[in-house]
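*Asks:* Got a structure here, written out as structure tokens. Questions coming.
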Amino acid sequence: MIKQRTIQRSVQTSGVGLHNGEKVTMTLKPAEVDQGIVFRRVDQNKINEVKVSPDAVKDTKMCSAIGQDTSRVATVEHLMSALSATGIDNIIIELNGSEVPIMDGSSIPFIYLLQTARIKEQDAAKKFVLIKDVIEVKDKDKWARFEPYDGFKVDFTIDFPHPVFDASTNKVALDFYDESYITEISRARTFGFMQEVEYLRSHGLARGGSLDNAIVLDEYKIINTDGLRYNDEFVRHKILDAVGDLYMLGYAIIGNFKAYKSGHELNNKLLLALLSDKKCWSLITLDSQDPKTSNLATRYTNSKNGILNQEMAGVYQ
Ligand SMILES: [Zn+2]
């Protein structure tokens, strides 16, 4: 039986919010079976909590924000992406501010933090959302879609009218049961365009953004002097974002996510469309002793991330 996971011990980090520019301390704490992923604001008179779910997403402008007013937490997607990759089902995330720290703009600092906390398997079956039928959402020429697939595949294409982007680096497809999220995706940083910075800042966004936590492009080129971490880092970051956005379900997905120019808003719309169409999915558990799910259970356990998770859980000590 594939089991639910939390962390073994509390860990803490601090940084600045990408959008509000404020310093924030974040503490990750173990949680009980079936508790899910819970964000907790501890900077107010009353402690405010919001549990991750597609309905909890209230704002998708330049980041994914959950909760409202006093419970609001912005820029959750890179941390959510790291939680998805490490297979963590239950965790409490305490923040003394309204935004998850941006760190270096990728999810690798969160992976390191989770490695420090160590993964703990719990005595309950992990639940997966199995995609049973095709479902798609569109917005003009942009689209995002789920298809049935024996694994977890993300197939993403971007297209920006800018000289740095070209067809050879605009598309990446990865099956995370065969390839490592840590190696292939986790170091890809967020990116932004110089021309948009003034506008964003006047709307209270990108105030913490800098060359230390984002790839910045002017009209012609990348400004960061140390260049890119992957030659197709932009589309890999869009995959990092999508993995985080899709984990708002609170469950790992068994299926193929395909997207063209999608973003936080469309990713969330796809989740809401999926949940409202019961014939397209079911909630399942995986067990190597069950003939119906043994293949997937074995693939999951032997996947690069599965192996990493076991190393992190101390299984291979
Ligand atoms: Zn991002």
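Identifiers in the structure tokens: chain A, B, ... in order shown; residue index from 1 per chain; ligand index from 1 in order shown.
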Could you please extract the residues within 9 Å of ligand 1, counting only C-alpha atoms and all ligand atoms, and hand them back as a PyMOL selection string?
*Replies:* chain A and resi 62-64+75+77-78+105-107+188-191+237-242+244+264
*Asks:* Would you mind exporting the chosen residues as a compact mmCIF listing (two decimals), in the first residue's frame, restricted to N, CA and C atoms?
*Replies:*
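Below is the file that was written, result_19.txt:
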# COMPACT_ATOMS: atom_id res chain seq x y z
N MET A 62 -0.69 36.81 -11.47
CA MET A 62 0.78 36.70 -11.33
C MET A 62 1.24 35.65 -10.31
N CYS A 63 0.30 35.06 -9.55
CA CYS A 63 0.67 33.97 -8.64
C CYS A 63 -0.63 33.28 -8.25
N SER A 64 -0.52 32.18 -7.51
CA SER A 64 -1.74 31.56 -6.97
C SER A 64 -1.85 31.93 -5.50
N THR A 75 1.35 33.44 -3.50
CA THR A 75 2.54 32.79 -4.08
C THR A 75 2.82 31.44 -3.41
N GLU A 77 2.49 28.57 -5.04
CA GLU A 77 2.67 27.52 -6.06
C GLU A 77 4.03 26.83 -6.04
N HIS A 78 5.11 27.54 -5.72
CA HIS A 78 6.43 26.88 -5.77
C HIS A 78 6.59 25.92 -4.59
N GLY A 105 13.38 31.89 -6.40
CA GLY A 105 12.44 31.90 -7.53
C GLY A 105 12.13 30.53 -8.09
N SER A 106 12.77 29.48 -7.52
CA SER A 106 12.51 28.10 -7.97
C SER A 106 11.94 27.32 -6.78
N SER A 107 11.89 25.98 -6.88
CA SER A 107 11.40 25.21 -5.74
C SER A 107 12.50 24.42 -5.04
N ALA A 188 14.30 25.47 -11.95
CA ALA A 188 13.83 26.48 -12.92
C ALA A 188 13.20 27.67 -12.19
N ARG A 189 13.70 28.86 -12.49
CA ARG A 189 13.24 30.07 -11.78
C ARG A 189 12.09 30.77 -12.50
N THR A 190 11.37 31.53 -11.72
CA THR A 190 10.32 32.38 -12.26
C THR A 190 10.95 33.44 -13.17
N PHE A 191 10.16 33.99 -14.08
CA PHE A 191 10.72 35.00 -14.99
C PHE A 191 9.73 36.13 -15.21
N HIS A 237 9.98 26.20 -15.84
CA HIS A 237 9.34 26.88 -14.71
C HIS A 237 7.82 26.82 -14.82
N LYS A 238 7.30 26.91 -16.04
CA LYS A 238 5.84 26.80 -16.21
C LYS A 238 5.36 25.41 -15.77
N ILE A 239 6.18 24.39 -15.98
CA ILE A 239 5.84 23.05 -15.49
C ILE A 239 5.90 23.03 -13.96
N LEU A 240 6.93 23.66 -13.39
CA LEU A 240 7.04 23.76 -11.92
C LEU A 240 5.77 24.40 -11.35
N ASP A 241 5.34 25.52 -11.96
CA ASP A 241 4.11 26.20 -11.53
C ASP A 241 2.90 25.28 -11.67
N ALA A 242 2.80 24.60 -12.82
CA ALA A 242 1.62 23.75 -13.07
C ALA A 242 1.56 22.60 -12.06
N GLY A 244 2.59 22.66 -9.05
CA GLY A 244 2.11 23.28 -7.81
C GLY A 244 0.64 23.62 -7.88
N HIS A 264 -1.68 30.18 -14.06
CA HIS A 264 -2.36 29.86 -12.80
C HIS A 264 -3.88 29.85 -12.95
*Asks:* Find the residues near Asp155 (chain A): any atom within 7 Å, counting only C-alpha atoms, skip ones fewer than 5 places away on the same chain, and give them as a list in words.
*Replies:*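 The filter keeps Val172, Ala173, Leu174, Phe257, Lys258 and Ala259 of chain A.
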*Asks:* Taking only region 150-185 of chain A into account, list the residues labelled strand (DSSP E or B) by DSSP (computed from the backbone), as number ranges by chain.
*Replies:* A: 152-157, 171-175
*Asks:* Can you write out the residues you just picked, keeping N, CA and C atoms, as a PDB file, in the first residue's frame?
*Replies:*
ATOM      1  N   PHE A 152       2.191  10.097 -14.117  1.00  0.00           N
ATOM      2  CA  PHE A 152       1.883  11.523 -13.995  1.00  0.00           C
ATOM      3  C   PHE A 152       2.778  12.253 -14.982  1.00  0.00           C
ATOM      4  N   LYS A 153       2.149  12.668 -16.085  1.00  0.00           N
ATOM      5  CA  LYS A 153       2.892  13.313 -17.159  1.00  0.00           C
ATOM      6  C   LYS A 153       2.456  14.772 -17.277  1.00  0.00           C
ATOM      7  N   VAL A 154       3.422  15.642 -17.520  1.00  0.00           N
ATOM      8  CA  VAL A 154       3.117  17.047 -17.790  1.00  0.00           C
ATOM      9  C   VAL A 154       3.756  17.408 -19.126  1.00  0.00           C
ATOM     10  N   ASP A 155       2.938  17.933 -20.032  1.00  0.00           N
ATOM     11  CA  ASP A 155       3.353  18.249 -21.404  1.00  0.00           C
ATOM     12  C   ASP A 155       2.963  19.706 -21.648  1.00  0.00           C
ATOM     13  N   PHE A 156       3.951  20.586 -21.653  1.00  0.00           N
ATOM     14  CA  PHE A 156       3.658  22.026 -21.623  1.00  0.00           C
ATOM     15  C   PHE A 156       4.339  22.747 -22.786  1.00  0.00           C
ATOM     16  N   THR A 157       3.600  23.648 -23.412  1.00  0.00           N
ATOM     17  CA  THR A 157       4.153  24.476 -24.498  1.00  0.00           C
ATOM     18  C   THR A 157       3.878  25.945 -24.190  1.00  0.00           C
ATOM     19  N   LYS A 171       8.902  23.841 -25.565  1.00  0.00           N
ATOM     20  CA  LYS A 171       8.057  22.695 -25.214  1.00  0.00           C
ATOM     21  C   LYS A 171       8.857  21.657 -24.436  1.00  0.00           C
ATOM     22  N   VAL A 172       8.269  21.167 -23.344  1.00  0.00           N
ATOM     23  CA  VAL A 172       8.861  20.061 -22.585  1.00  0.00           C
ATOM     24  C   VAL A 172       7.742  19.128 -22.144  1.00  0.00           C
ATOM     25  N   ALA A 173       7.973  17.819 -22.277  1.00  0.00           N
ATOM     26  CA  ALA A 173       7.035  16.816 -21.763  1.00  0.00           C
ATOM     27  C   ALA A 173       7.818  15.845 -20.882  1.00  0.00           C
ATOM     28  N   LEU A 174       7.321  15.615 -19.678  1.00  0.00           N
ATOM     29  CA  LEU A 174       8.010  14.732 -18.723  1.00  0.00           C
ATOM     30  C   LEU A 174       7.011  13.828 -18.041  1.00  0.00           C
ATOM     31  N   ASP A 175       7.368  12.559 -17.899  1.00  0.00           N
ATOM     32  CA  ASP A 175       6.586  11.648 -17.069  1.00  0.00           C
ATOM     33  C   ASP A 175       7.349  11.505 -15.751  1.00  0.00           C
TER      34      ASP A 175
END
*Asks:* Might you pull out every residue within 7 Å of region 268-275 of chain A, with only C-alpha atoms counted and same-chain residues fewer than 2 positions away left off, and present them as a count of residues only?
*Replies:* 12
*Asks:* With only C-alpha atoms as the atoms that count, which of A:Ile47, A:Ala125, A:Leu200, A:Val38 lies nearest to Asn96 (chain A)?
*Replies:*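 Checking each candidate against Asn96 (chain A), we get A:Ile47 as the closest.
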*Asks:* Name the closest residue to Val235 (chain A) among the candidates A:Phe128, A:Trp281, A:Phe160, A:Tyr199; distances are taken between atoms, counting only C-alpha atoms.
*Replies:*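 Of A:Phe128, A:Trp281, A:Phe160, A:Tyr199, the one nearest Val235 (chain A) is A:Phe160, counting only C-alpha atoms.
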*Asks:* Where in region 23-180 of chain A does DSSP assign alpha helix (DSSP H), given as a list in words?
*Replies:* Glu77, His78, Leu79, Met80, Ser81, Ala82, Leu83, Ser84, Ala85, Ile108, Pro109, Phe110, Ile111, Tyr112, Leu113, Leu114, Gln115, Thr116 and Ala117 of chain A
